[in-house]
>>> print(open('final_35.cif').read())   # mmCIF, C-alpha atoms
data_structure
loop_
_atom_site.group_PDB
_atom_site.id
_atom_site.type_symbol
_atom_site.label_atom_id
_atom_site.label_comp_id
_atom_site.auth_asym_id
_atom_site.auth_seq_id
_atom_site.Cartn_x
_atom_site.Cartn_y
_atom_site.Cartn_z
ATOM 1 C CA MET A 1 -3.411 -9.617 46.210
ATOM 2 C CA SER A 2 -5.642 -9.643 49.294
ATOM 3 C CA ALA A 3 -9.408 -9.622 48.958
ATOM 4 C CA PRO A 4 -10.945 -6.123 48.970
ATOM 5 C CA THR A 5 -12.407 -5.261 52.334
ATOM 6 C CA THR A 6 -14.396 -2.205 51.268
ATOM 7 C CA TYR A 7 -18.036 -2.530 50.275
ATOM 8 C CA ARG A 8 -18.749 -2.172 46.604
ATOM 9 C CA GLN A 9 -22.226 -1.426 45.401
ATOM 10 C CA PRO A 10 -23.131 -4.060 42.804
ATOM 11 C CA VAL A 11 -23.630 -2.564 39.343
ATOM 12 C CA SER A 12 -26.349 -3.907 37.090
ATOM 13 C CA ARG A 13 -25.202 -5.422 33.818
ATOM 14 C CA LEU A 14 -27.706 -3.111 32.122
ATOM 15 C CA TRP A 15 -26.384 0.100 33.740
ATOM 16 C CA TRP A 16 -25.769 1.585 30.303
ATOM 17 C CA LEU A 17 -29.497 1.599 29.468
ATOM 18 C CA LYS A 18 -30.243 3.998 32.310
ATOM 19 C CA LYS A 19 -29.052 7.206 30.695
ATOM 20 C CA ARG A 20 -28.762 8.450 27.105
ATOM 21 C CA THR A 21 -25.098 9.423 27.586
ATOM 22 C CA TYR A 22 -24.248 5.971 29.010
ATOM 23 C CA PHE A 23 -26.008 4.362 26.051
ATOM 24 C CA LEU A 24 -24.118 6.495 23.520
ATOM 25 C CA PHE A 25 -20.852 5.648 25.296
ATOM 26 C CA VAL A 26 -21.522 1.926 24.955
ATOM 27 C CA MET A 27 -22.599 2.338 21.310
ATOM 28 C CA ARG A 28 -19.314 4.164 20.656
ATOM 29 C CA GLU A 29 -17.366 1.347 22.276
ATOM 30 C CA LEU A 30 -19.353 -1.224 20.263
ATOM 31 C CA SER A 31 -18.144 0.412 17.033
ATOM 32 C CA SER A 32 -15.067 -1.757 17.651
ATOM 33 C CA VAL A 33 -17.085 -4.817 16.567
ATOM 34 C CA PHE A 34 -17.723 -3.192 13.195
ATOM 35 C CA VAL A 35 -14.109 -2.060 12.781
ATOM 36 C CA ALA A 36 -13.127 -5.729 13.157
ATOM 37 C CA TRP A 37 -15.983 -6.877 10.894
ATOM 38 C CA PHE A 38 -14.962 -4.563 8.089
ATOM 39 C CA ALA A 39 -11.265 -5.431 8.380
ATOM 40 C CA VAL A 40 -12.291 -9.088 7.930
ATOM 41 C CA PHE A 41 -14.675 -8.159 5.073
ATOM 42 C CA LEU A 42 -11.873 -6.332 3.245
ATOM 43 C CA MET A 43 -9.499 -9.255 3.802
ATOM 44 C CA ILE A 44 -12.044 -11.631 2.237
ATOM 45 C CA MET A 45 -12.365 -9.215 -0.684
ATOM 46 C CA VAL A 46 -8.597 -9.003 -1.213
ATOM 47 C CA VAL A 47 -8.370 -12.826 -1.248
ATOM 48 C CA ALA A 48 -11.227 -12.967 -3.792
ATOM 49 C CA ILE A 49 -9.594 -10.367 -6.045
ATOM 50 C CA GLY A 50 -6.312 -12.303 -5.861
ATOM 51 C CA ARG A 51 -7.982 -15.569 -6.931
ATOM 52 C CA GLY A 52 -9.322 -14.289 -10.234
ATOM 53 C CA GLU A 53 -12.359 -12.637 -11.784
ATOM 54 C CA ALA A 54 -14.811 -15.517 -11.164
ATOM 55 C CA SER A 55 -13.940 -15.523 -7.476
ATOM 56 C CA TYR A 56 -14.331 -11.718 -7.327
ATOM 57 C CA GLN A 57 -17.806 -12.014 -8.914
ATOM 58 C CA SER A 58 -18.918 -14.595 -6.356
ATOM 59 C CA PHE A 59 -17.582 -12.337 -3.581
ATOM 60 C CA LEU A 60 -19.742 -9.530 -5.035
ATOM 61 C CA SER A 61 -22.879 -11.659 -5.087
ATOM 62 C CA TRP A 62 -22.239 -12.696 -1.462
ATOM 63 C CA ALA A 63 -21.672 -9.034 -0.521
ATOM 64 C CA ALA A 64 -24.926 -8.085 -2.282
ATOM 65 C CA SER A 65 -26.994 -10.619 -0.305
ATOM 66 C CA PRO A 66 -29.573 -8.887 1.929
ATOM 67 C CA ILE A 67 -28.010 -9.936 5.237
ATOM 68 C CA VAL A 68 -24.524 -8.696 4.321
ATOM 69 C CA VAL A 69 -25.954 -5.431 2.966
ATOM 70 C CA VAL A 70 -27.906 -4.893 6.204
ATOM 71 C CA VAL A 71 -24.789 -5.636 8.285
ATOM 72 C CA ASN A 72 -22.812 -3.137 6.200
ATOM 73 C CA ILE A 73 -25.488 -0.439 6.569
ATOM 74 C CA VAL A 74 -25.382 -0.930 10.351
ATOM 75 C CA ALA A 75 -21.564 -0.976 10.148
ATOM 76 C CA LEU A 76 -21.588 2.355 8.296
ATOM 77 C CA ALA A 77 -23.711 3.945 11.037
ATOM 78 C CA PHE A 78 -21.338 2.683 13.765
ATOM 79 C CA LEU A 79 -18.238 3.704 11.823
ATOM 80 C CA VAL A 80 -19.578 7.227 11.291
ATOM 81 C CA LEU A 81 -20.220 7.341 15.061
ATOM 82 C CA HIS A 82 -16.616 6.203 15.579
ATOM 83 C CA THR A 83 -15.228 8.875 13.234
ATOM 84 C CA VAL A 84 -17.288 11.723 14.732
ATOM 85 C CA THR A 85 -16.506 10.792 18.351
ATOM 86 C CA TRP A 86 -12.818 10.068 17.635
ATOM 87 C CA PHE A 87 -12.309 13.441 15.935
ATOM 88 C CA ALA A 88 -14.170 15.198 18.754
ATOM 89 C CA LEU A 89 -11.938 13.615 21.417
ATOM 90 C CA THR A 90 -8.579 14.287 19.717
ATOM 91 C CA PRO A 91 -8.187 17.884 21.003
ATOM 92 C CA GLN A 92 -8.816 16.585 24.534
ATOM 93 C CA ALA A 93 -6.280 13.774 24.161
ATOM 94 C CA MET A 94 -3.440 15.873 22.775
ATOM 95 C CA VAL A 95 -2.243 19.466 22.712
ATOM 96 C CA VAL A 96 -1.603 20.652 19.177
ATOM 97 C CA ARG A 97 0.633 23.705 18.999
ATOM 98 C CA GLY A 98 0.966 25.939 15.996
ATOM 99 C CA PRO A 99 3.047 29.063 15.378
ATOM 100 C CA GLY A 100 2.424 31.955 17.757
ATOM 101 C CA GLY A 101 3.605 30.372 20.989
ATOM 102 C CA ARG A 102 6.677 31.703 22.750
ATOM 103 C CA TRP A 103 9.434 30.217 24.852
ATOM 104 C CA VAL A 104 9.831 31.560 28.377
ATOM 105 C CA PRO A 105 12.572 30.845 30.909
ATOM 106 C CA ARG A 106 11.636 28.778 33.968
ATOM 107 C CA ILE A 107 13.394 27.295 36.948
ATOM 108 C CA LYS A 108 12.715 23.593 37.273
ATOM 109 C CA GLU A 109 13.862 21.032 39.843
ATOM 110 C CA VAL A 110 15.898 18.189 38.446
ATOM 111 C CA SER A 111 17.444 15.205 40.119
ATOM 112 C CA VAL A 112 21.265 15.033 39.938
ATOM 113 C CA ALA A 113 22.939 12.060 41.630
ATOM 114 C CA GLY A 114 19.874 11.585 43.797
ATOM 115 C CA ARG A 115 19.655 15.242 44.871
ATOM 116 C CA ARG A 116 16.989 17.715 43.825
ATOM 117 C CA VAL A 117 18.659 20.795 42.374
ATOM 118 C CA PRO A 118 17.204 23.815 40.553
ATOM 119 C CA ALA A 119 17.997 24.144 36.859
ATOM 120 C CA ALA A 120 17.208 26.739 34.214
ATOM 121 C CA THR A 121 15.020 25.673 31.364
ATOM 122 C CA VAL A 122 12.623 27.083 28.787
ATOM 123 C CA VAL A 123 9.000 26.107 28.304
ATOM 124 C CA ARG A 124 6.606 26.766 25.466
ATOM 125 C CA VAL A 125 3.561 28.899 26.335
ATOM 126 C CA GLY A 126 0.581 29.743 24.164
ATOM 127 C CA GLY A 127 0.187 28.929 20.507
ATOM 128 C CA ARG A 128 -2.239 26.163 21.260
ATOM 129 C CA VAL A 129 -4.357 25.389 18.216
ATOM 130 C CA PRO A 130 -8.046 25.832 19.191
ATOM 131 C CA ALA A 131 -10.048 22.594 19.517
ATOM 132 C CA GLY A 132 -12.397 23.591 16.690
ATOM 133 C CA MET A 133 -9.463 23.966 14.321
ATOM 134 C CA VAL A 134 -8.012 20.560 15.296
ATOM 135 C CA ILE A 135 -11.403 18.954 14.630
ATOM 136 C CA ALA A 136 -11.863 20.804 11.318
ATOM 137 C CA SER A 137 -8.427 19.770 10.075
ATOM 138 C CA GLN A 138 -9.251 16.124 10.792
ATOM 139 C CA TYR A 139 -12.393 16.400 8.665
ATOM 140 C CA ALA A 140 -10.263 17.986 5.938
ATOM 141 C CA GLY A 141 -7.954 14.945 6.171
ATOM 142 C CA LEU A 142 -10.966 12.623 5.990
ATOM 143 C CA ILE A 143 -12.175 14.357 2.805
ATOM 144 C CA VAL A 144 -8.731 14.199 1.166
ATOM 145 C CA VAL A 145 -8.289 10.492 2.013
ATOM 146 C CA SER A 146 -11.835 9.632 0.866
ATOM 147 C CA ALA A 147 -11.386 11.504 -2.423
ATOM 148 C CA PHE A 148 -8.061 9.736 -2.999
ATOM 149 C CA VAL A 149 -9.581 6.289 -2.335
ATOM 150 C CA VAL A 150 -12.494 6.993 -4.712
ATOM 151 C CA TRP A 151 -10.054 8.218 -7.387
ATOM 152 C CA LEU A 152 -7.780 5.178 -6.937
ATOM 153 C CA VAL A 153 -10.608 2.645 -7.137
ATOM 154 C CA LEU A 154 -12.808 4.207 -9.821
ATOM 155 C CA ARG A 155 -10.397 5.947 -12.197
ATOM 156 C CA MET B 1 4.799 -8.441 34.643
ATOM 157 C CA THR B 2 4.774 -8.909 30.870
ATOM 158 C CA LYS B 3 1.384 -7.251 30.909
ATOM 159 C CA ARG B 4 2.868 -4.038 32.312
ATOM 160 C CA HIS B 5 5.302 -3.851 29.413
ATOM 161 C CA LEU B 6 2.629 -4.619 26.843
ATOM 162 C CA GLU B 7 0.019 -2.118 27.981
ATOM 163 C CA PRO B 8 1.646 1.026 26.422
ATOM 164 C CA LEU B 9 2.070 -0.816 23.099
ATOM 165 C CA LEU B 10 -1.572 -1.894 23.196
ATOM 166 C CA TRP B 11 -2.690 1.698 23.828
ATOM 167 C CA LEU B 12 -0.503 2.870 20.932
ATOM 168 C CA LEU B 13 -2.072 0.291 18.602
ATOM 169 C CA PHE B 14 -5.508 1.316 19.913
ATOM 170 C CA SER B 15 -5.017 4.989 19.097
ATOM 171 C CA GLY B 16 -3.240 4.335 15.805
ATOM 172 C CA GLY B 17 -6.027 2.005 14.745
ATOM 173 C CA GLY B 18 -8.631 4.513 15.932
ATOM 174 C CA VAL B 19 -7.197 7.215 13.676
ATOM 175 C CA MET B 20 -6.896 4.861 10.687
ATOM 176 C CA ALA B 21 -10.426 3.518 11.160
ATOM 177 C CA ALA B 22 -11.837 7.057 11.538
ATOM 178 C CA VAL B 23 -10.163 8.303 8.359
ATOM 179 C CA PHE B 24 -10.326 5.250 6.067
ATOM 180 C CA LEU B 25 -13.333 3.156 7.020
ATOM 181 C CA PRO B 26 -16.337 5.380 6.183
ATOM 182 C CA ILE B 27 -15.359 5.663 2.503
ATOM 183 C CA LEU B 28 -14.264 2.009 2.325
ATOM 184 C CA VAL B 29 -17.638 0.841 3.691
ATOM 185 C CA VAL B 30 -19.548 3.109 1.303
ATOM 186 C CA LEU B 31 -17.498 1.884 -1.686
ATOM 187 C CA PHE B 32 -16.829 -1.800 -1.036
ATOM 188 C CA GLY B 33 -19.648 -2.544 1.389
ATOM 189 C CA LEU B 34 -22.472 -0.854 -0.527
ATOM 190 C CA ALA B 35 -21.756 0.967 -3.808
ATOM 191 C CA ILE B 36 -19.810 -1.782 -5.596
ATOM 192 C CA PRO B 37 -21.789 -4.886 -4.446
ATOM 193 C CA LEU B 38 -25.086 -3.094 -5.177
ATOM 194 C CA GLY B 39 -23.853 -2.079 -8.629
ATOM 195 C CA TRP B 40 -23.997 1.709 -8.145
ATOM 196 C CA VAL B 41 -20.446 1.858 -9.492
ATOM 197 C CA GLN B 42 -18.615 -0.911 -11.341
ATOM 198 C CA PRO B 43 -14.838 -0.704 -11.315
ATOM 199 C CA ASP B 44 -13.066 -2.924 -13.837
ATOM 200 C CA TYR B 45 -11.759 -6.189 -12.312
ATOM 201 C CA ASN B 46 -8.320 -5.879 -13.926
ATOM 202 C CA HIS B 47 -7.934 -2.365 -12.581
ATOM 203 C CA LEU B 48 -8.889 -3.515 -9.035
ATOM 204 C CA HIS B 49 -6.478 -6.421 -9.314
ATOM 205 C CA ALA B 50 -3.684 -4.091 -10.416
ATOM 206 C CA VAL B 51 -4.391 -1.675 -7.529
ATOM 207 C CA VAL B 52 -4.541 -4.444 -4.896
ATOM 208 C CA SER B 53 -1.396 -6.227 -6.100
ATOM 209 C CA HIS B 54 0.743 -3.070 -6.108
ATOM 210 C CA TRP B 55 3.342 -3.379 -3.321
ATOM 211 C CA LEU B 56 2.403 -0.025 -1.798
ATOM 212 C CA THR B 57 -1.291 -0.964 -1.574
ATOM 213 C CA ARG B 58 -0.353 -4.268 0.050
ATOM 214 C CA LEU B 59 1.824 -2.512 2.595
ATOM 215 C CA VAL B 60 -0.908 0.038 3.424
ATOM 216 C CA LEU B 61 -3.552 -2.715 3.642
ATOM 217 C CA LEU B 62 -1.388 -4.796 5.981
ATOM 218 C CA GLY B 63 -0.821 -1.767 8.228
ATOM 219 C CA LEU B 64 -4.547 -0.931 8.207
ATOM 220 C CA PHE B 65 -5.617 -4.491 8.995
ATOM 221 C CA VAL B 66 -3.168 -4.932 11.886
ATOM 222 C CA VAL B 67 -3.880 -1.626 13.657
ATOM 223 C CA MET B 68 -7.632 -1.894 13.106
ATOM 224 C CA LEU B 69 -7.770 -5.432 14.507
ATOM 225 C CA PHE B 70 -5.779 -4.456 17.595
ATOM 226 C CA HIS B 71 -7.833 -1.277 18.006
ATOM 227 C CA ALA B 72 -11.017 -3.354 17.928
ATOM 228 C CA ALA B 73 -9.591 -5.986 20.297
ATOM 229 C CA HIS B 74 -8.509 -3.370 22.839
ATOM 230 C CA ARG B 75 -11.798 -1.485 22.790
ATOM 231 C CA PHE B 76 -13.934 -4.613 22.828
ATOM 232 C CA ARG B 77 -11.948 -5.897 25.799
ATOM 233 C CA PHE B 78 -12.932 -2.857 27.849
ATOM 234 C CA THR B 79 -16.497 -2.969 26.532
ATOM 235 C CA LEU B 80 -16.807 -6.470 27.986
ATOM 236 C CA TYR B 81 -15.140 -5.447 31.260
ATOM 237 C CA ASP B 82 -17.334 -2.392 31.837
ATOM 238 C CA GLY B 83 -20.427 -2.948 29.727
ATOM 239 C CA LEU B 84 -21.143 -6.443 30.991
ATOM 240 C CA GLN B 85 -19.337 -6.101 34.350
ATOM 241 C CA LEU B 86 -16.988 -8.971 33.557
ATOM 242 C CA ARG B 87 -13.837 -7.782 35.309
ATOM 243 C CA GLY B 88 -13.686 -11.138 37.034
ATOM 244 C CA PHE B 89 -12.810 -12.705 33.693
ATOM 245 C CA ALA B 90 -10.207 -10.085 32.799
ATOM 246 C CA THR B 91 -7.429 -12.489 31.826
ATOM 247 C CA PRO B 92 -9.387 -14.863 29.570
ATOM 248 C CA ILE B 93 -11.096 -11.878 27.920
ATOM 249 C CA ALA B 94 -7.755 -10.186 27.216
ATOM 250 C CA VAL B 95 -6.247 -13.413 25.882
ATOM 251 C CA LEU B 96 -9.258 -14.010 23.596
ATOM 252 C CA CYS B 97 -9.386 -10.424 22.279
ATOM 253 C CA TYR B 98 -5.683 -9.986 21.556
ATOM 254 C CA GLY B 99 -5.367 -13.618 20.455
ATOM 255 C CA ALA B 100 -8.062 -13.050 17.824
ATOM 256 C CA ALA B 101 -6.323 -9.838 16.696
ATOM 257 C CA LEU B 102 -3.015 -11.680 16.457
ATOM 258 C CA VAL B 103 -4.516 -14.520 14.408
ATOM 259 C CA GLY B 104 -6.218 -11.948 12.156
ATOM 260 C CA SER B 105 -2.933 -10.053 11.726
ATOM 261 C CA LEU B 106 -1.092 -13.226 10.715
ATOM 262 C CA ALA B 107 -3.879 -14.003 8.241
ATOM 263 C CA ALA B 108 -3.540 -10.434 6.877
ATOM 264 C CA LEU B 109 0.203 -10.955 6.444
ATOM 265 C CA VAL B 110 -0.346 -14.187 4.502
ATOM 266 C CA ILE B 111 -3.067 -12.510 2.406
ATOM 267 C CA VAL B 112 -0.992 -9.490 1.359
ATOM 268 C CA LEU B 113 2.026 -11.689 0.638
ATOM 269 C CA THR B 114 0.096 -14.079 -1.599
ATOM 270 C CA VAL B 115 -2.474 -11.834 -3.326
#
>>> encode(input="final_35.cif", output="structure tokens")
Amino acid sequence: MSAPTTYRQPVSRLWWLKKRTYFLFVMRELSSVFVAWFAVFLMIMVVAIGRGEASYQSFLSWAASPIVVVVNIVALAFLVLHTVTWFALTPQAMVVRGPGGRWVPRIKEVSVAGRRVPAATVVRVGGRVPAGMVIASQYAGLIVVSAFVVWLVLR
Amino acid sequence: MTKRHLEPLLWLLFSGGGVMAAVFLPILVVLFGLAIPLGWVQPDYNHLHAVVSHWLTRLVLLGLFVVMLFHAAHRFRFTLYDGLQLRGFATPIAVLCYGAALVGSLAALVIVLTV
């Protein structure tokens, strides 16, 4: 690759402190640190449970130490931010179609042996599930999963 | 060139892990990060051991750990690129992020196989 010849305005390393939306964007991206942290935390817990009751108890007293509790409270805040922003972005990232759409005929160009030729096809129009409904159904899923986890662990 | 082939897989792991983290992590943090260590609820050890050693739980945990670690690695990689303007170190950053996720995934595999 040759060196870029166009001028690029240098960007400050603290650009994300200049606007609230930039800051929230970076906070959302930083939730990744806490996703990794909690995966590791759960792995430590699974090892402790596997090693016997004494080991599980010492895991619990470590997890109850002030620093770990504070980290987990911060983690919870970041993970809620992750959940809310992830659910909000889903309808923008994918089109969810429900019943109510219809198929209409269209002429489309396809390539046959290197030549562009017209071909008949059908495409789906309408029936797009509104964004609000996609978001609501994700929260419904969250509630079902959470209730199941609580039932599984505490029954 | 290998990077070109890997990128779609990395995005797939990122979005899969994003969904799993969004749906599973809030309740898991509330339960195992706060409620149980602080004694708000006290599940029986033998019950927890039985739940964790069930083959289905192990399989789900392995899946969760792998996609979450790769999700975090992928997102953190771009946070470093953009947040700290470190595009000049793109390759070492990518190697470190995905390398850590890979090591973590192997550890997860060993953990669920031996628990």
>>> interface_residues(input="final_35.cif", of="chain B", to="chain A", cutoff="7 Å", atoms="all atoms listed in the file", output="short mmCIF file (atom, residue, chain, number, x, y, z; two decimals) with C-alpha atoms, keeping the file's coordinate frame")
data_model
loop_
_atom_site.label_atom_id
_atom_site.label_comp_id
_atom_site.auth_asym_id
_atom_site.auth_seq_id
_atom_site.Cartn_x
_atom_site.Cartn_y
_atom_site.Cartn_z
CA ALA B 21 -10.43 3.52 11.16
CA ALA B 22 -11.84 7.06 11.54
CA VAL B 23 -10.16 8.30 8.36
CA PHE B 24 -10.33 5.25 6.07
CA LEU B 25 -13.33 3.16 7.02
CA PRO B 26 -16.34 5.38 6.18
CA ILE B 27 -15.36 5.66 2.50
CA VAL B 29 -17.64 0.84 3.69
CA GLY B 33 -19.65 -2.54 1.39
CA LEU B 34 -22.47 -0.85 -0.53
CA PRO B 37 -21.79 -4.89 -4.45
CA LEU B 38 -25.09 -3.09 -5.18
CA PRO B 43 -14.84 -0.70 -11.32
CA TYR B 45 -11.76 -6.19 -12.31
CA LEU B 48 -8.89 -3.52 -9.04
CA HIS B 49 -6.48 -6.42 -9.31
CA PHE B 65 -5.62 -4.49 8.99
CA MET B 68 -7.63 -1.89 13.11
CA LEU B 69 -7.77 -5.43 14.51
CA ALA B 72 -11.02 -3.35 17.93
CA ARG B 75 -11.80 -1.48 22.79
CA PHE B 76 -13.93 -4.61 22.83
CA THR B 79 -16.50 -2.97 26.53
CA GLY B 83 -20.43 -2.95 29.73
CA LEU B 84 -21.14 -6.44 30.99
CA GLN B 85 -19.34 -6.10 34.35
CA ALA B 108 -3.54 -10.43 6.88
CA ILE B 111 -3.07 -12.51 2.41
CA VAL B 115 -2.47 -11.83 -3.33
#
>>> resolve_selection(input="final_35.cif", expression="the PyMOL selection byres ((chain A and resi 119-122) around 10)", output="JSON, numbers by chain")
{"A": [102, 103, 104, 105, 106, 107, 108, 109, 110, 111, 116, 117, 118, 123, 124, 125]}
>>> write_last_selection(input="final_35.cif", atoms="C-alpha atoms", output="PDB file, keeping the file's coordinate frame")
ATOM      1  CA  ARG A 102       6.677  31.703  22.750  1.00  0.00           C
ATOM      2  CA  TRP A 103       9.434  30.217  24.852  1.00  0.00           C
ATOM      3  CA  VAL A 104       9.831  31.560  28.377  1.00  0.00           C
ATOM      4  CA  PRO A 105      12.572  30.845  30.909  1.00  0.00           C
ATOM      5  CA  ARG A 106      11.636  28.778  33.968  1.00  0.00           C
ATOM      6  CA  ILE A 107      13.394  27.295  36.948  1.00  0.00           C
ATOM      7  CA  LYS A 108      12.715  23.593  37.273  1.00  0.00           C
ATOM      8  CA  GLU A 109      13.862  21.032  39.843  1.00  0.00           C
ATOM      9  CA  VAL A 110      15.898  18.189  38.446  1.00  0.00           C
ATOM     10  CA  SER A 111      17.444  15.205  40.119  1.00  0.00           C
ATOM     11  CA  ARG A 116      16.989  17.715  43.825  1.00  0.00           C
ATOM     12  CA  VAL A 117      18.659  20.795  42.374  1.00  0.00           C
ATOM     13  CA  PRO A 118      17.204  23.815  40.553  1.00  0.00           C
ATOM     14  CA  VAL A 123       9.000  26.107  28.304  1.00  0.00           C
ATOM     15  CA  ARG A 124       6.606  26.766  25.466  1.00  0.00           C
ATOM     16  CA  VAL A 125       3.561  28.899  26.335  1.00  0.00           C
TER      17      VAL A 125
END
>>> atom_distance(input="final_35.cif", atom1="CA of Met133 (chain A)", atom2="CA of Phe14 (chain B)")
23.7 Å
>>> atom_distance(input="final_35.cif", atom1="CA of Val30 (chain B)", atom2="CA of Phe148 (chain A)")
13.9 Å
>>> atom_distance(input="final_35.cif", atom1="CA of His71 (chain B)", atom2="CA of Ala131 (chain A)")
24.0 Å
>>> resolve_selection(input="final_35.cif", expression="the PyMOL selection byres ((chain B and resi 95-104) around 8)", output="list of chain:residue names")
A:Val40, B:Val66, B:Leu69, B:Phe70, B:Ala73, B:His74, B:Phe76, B:Arg77, B:Thr91, B:Pro92, B:Ile93, B:Ala94, B:Ser105, B:Leu106, B:Ala107, B:Ala108
>>> closest_residue(input="final_35.cif", among="B:Tyr81, B:Gln42, B:Ala90, B:Val112", to="Gly63 (chain B)", atoms="only C-alpha atoms")
B:Val112
>>> build_atoms(input="final_35.cif", residues="region 62-78 of chain B", atoms="N, CA and C atoms", output="PDB file, in the frame of the given file")
ATOM      1  N   LEU B  62      -1.876  -4.030   4.832  1.00  0.00           N
ATOM      2  CA  LEU B  62      -1.388  -4.796   5.981  1.00  0.00           C
ATOM      3  C   LEU B  62      -1.390  -3.921   7.239  1.00  0.00           C
ATOM      4  N   GLY B  63      -0.855  -2.703   7.099  1.00  0.00           N
ATOM      5  CA  GLY B  63      -0.821  -1.767   8.228  1.00  0.00           C
ATOM      6  C   GLY B  63      -2.223  -1.486   8.746  1.00  0.00           C
ATOM      7  N   LEU B  64      -3.156  -1.216   7.821  1.00  0.00           N
ATOM      8  CA  LEU B  64      -4.547  -0.931   8.207  1.00  0.00           C
ATOM      9  C   LEU B  64      -5.157  -2.117   8.948  1.00  0.00           C
ATOM     10  N   PHE B  65      -5.002  -3.311   8.382  1.00  0.00           N
ATOM     11  CA  PHE B  65      -5.617  -4.491   8.995  1.00  0.00           C
ATOM     12  C   PHE B  65      -5.078  -4.712  10.412  1.00  0.00           C
ATOM     13  N   VAL B  66      -3.756  -4.646  10.572  1.00  0.00           N
ATOM     14  CA  VAL B  66      -3.168  -4.932  11.886  1.00  0.00           C
ATOM     15  C   VAL B  66      -3.629  -3.914  12.931  1.00  0.00           C
ATOM     16  N   VAL B  67      -3.505  -2.613  12.623  1.00  0.00           N
ATOM     17  CA  VAL B  67      -3.880  -1.626  13.657  1.00  0.00           C
ATOM     18  C   VAL B  67      -5.385  -1.625  13.923  1.00  0.00           C
ATOM     19  N   MET B  68      -6.188  -1.867  12.882  1.00  0.00           N
ATOM     20  CA  MET B  68      -7.632  -1.894  13.106  1.00  0.00           C
ATOM     21  C   MET B  68      -8.033  -3.082  13.975  1.00  0.00           C
ATOM     22  N   LEU B  69      -7.424  -4.242  13.716  1.00  0.00           N
ATOM     23  CA  LEU B  69      -7.770  -5.432  14.507  1.00  0.00           C
ATOM     24  C   LEU B  69      -7.370  -5.237  15.971  1.00  0.00           C
ATOM     25  N   PHE B  70      -6.191  -4.662  16.203  1.00  0.00           N
ATOM     26  CA  PHE B  70      -5.779  -4.456  17.595  1.00  0.00           C
ATOM     27  C   PHE B  70      -6.585  -3.343  18.264  1.00  0.00           C
ATOM     28  N   HIS B  71      -6.951  -2.320  17.474  1.00  0.00           N
ATOM     29  CA  HIS B  71      -7.833  -1.277  18.006  1.00  0.00           C
ATOM     30  C   HIS B  71      -9.140  -1.909  18.491  1.00  0.00           C
ATOM     31  N   ALA B  72      -9.735  -2.733  17.603  1.00  0.00           N
ATOM     32  CA  ALA B  72     -11.017  -3.354  17.928  1.00  0.00           C
ATOM     33  C   ALA B  72     -10.881  -4.274  19.150  1.00  0.00           C
ATOM     34  N   ALA B  73      -9.794  -5.054  19.187  1.00  0.00           N
ATOM     35  CA  ALA B  73      -9.591  -5.986  20.297  1.00  0.00           C
ATOM     36  C   ALA B  73      -9.503  -5.239  21.623  1.00  0.00           C
ATOM     37  N   HIS B  74      -8.724  -4.142  21.618  1.00  0.00           N
ATOM     38  CA  HIS B  74      -8.509  -3.370  22.839  1.00  0.00           C
ATOM     39  C   HIS B  74      -9.818  -2.750  23.342  1.00  0.00           C
ATOM     40  N   ARG B  75     -10.564  -2.147  22.406  1.00  0.00           N
ATOM     41  CA  ARG B  75     -11.798  -1.485  22.790  1.00  0.00           C
ATOM     42  C   ARG B  75     -12.853  -2.499  23.223  1.00  0.00           C
ATOM     43  N   PHE B  76     -12.927  -3.608  22.505  1.00  0.00           N
ATOM     44  CA  PHE B  76     -13.934  -4.613  22.828  1.00  0.00           C
ATOM     45  C   PHE B  76     -13.644  -5.240  24.191  1.00  0.00           C
ATOM     46  N   ARG B  77     -12.352  -5.371  24.494  1.00  0.00           N
ATOM     47  CA  ARG B  77     -11.948  -5.897  25.799  1.00  0.00           C
ATOM     48  C   ARG B  77     -12.547  -5.052  26.923  1.00  0.00           C
ATOM     49  N   PHE B  78     -12.408  -3.720  26.787  1.00  0.00           N
ATOM     50  CA  PHE B  78     -12.932  -2.857  27.849  1.00  0.00           C
ATOM     51  C   PHE B  78     -14.445  -2.749  27.799  1.00  0.00           C
TER      52      PHE B  78
END
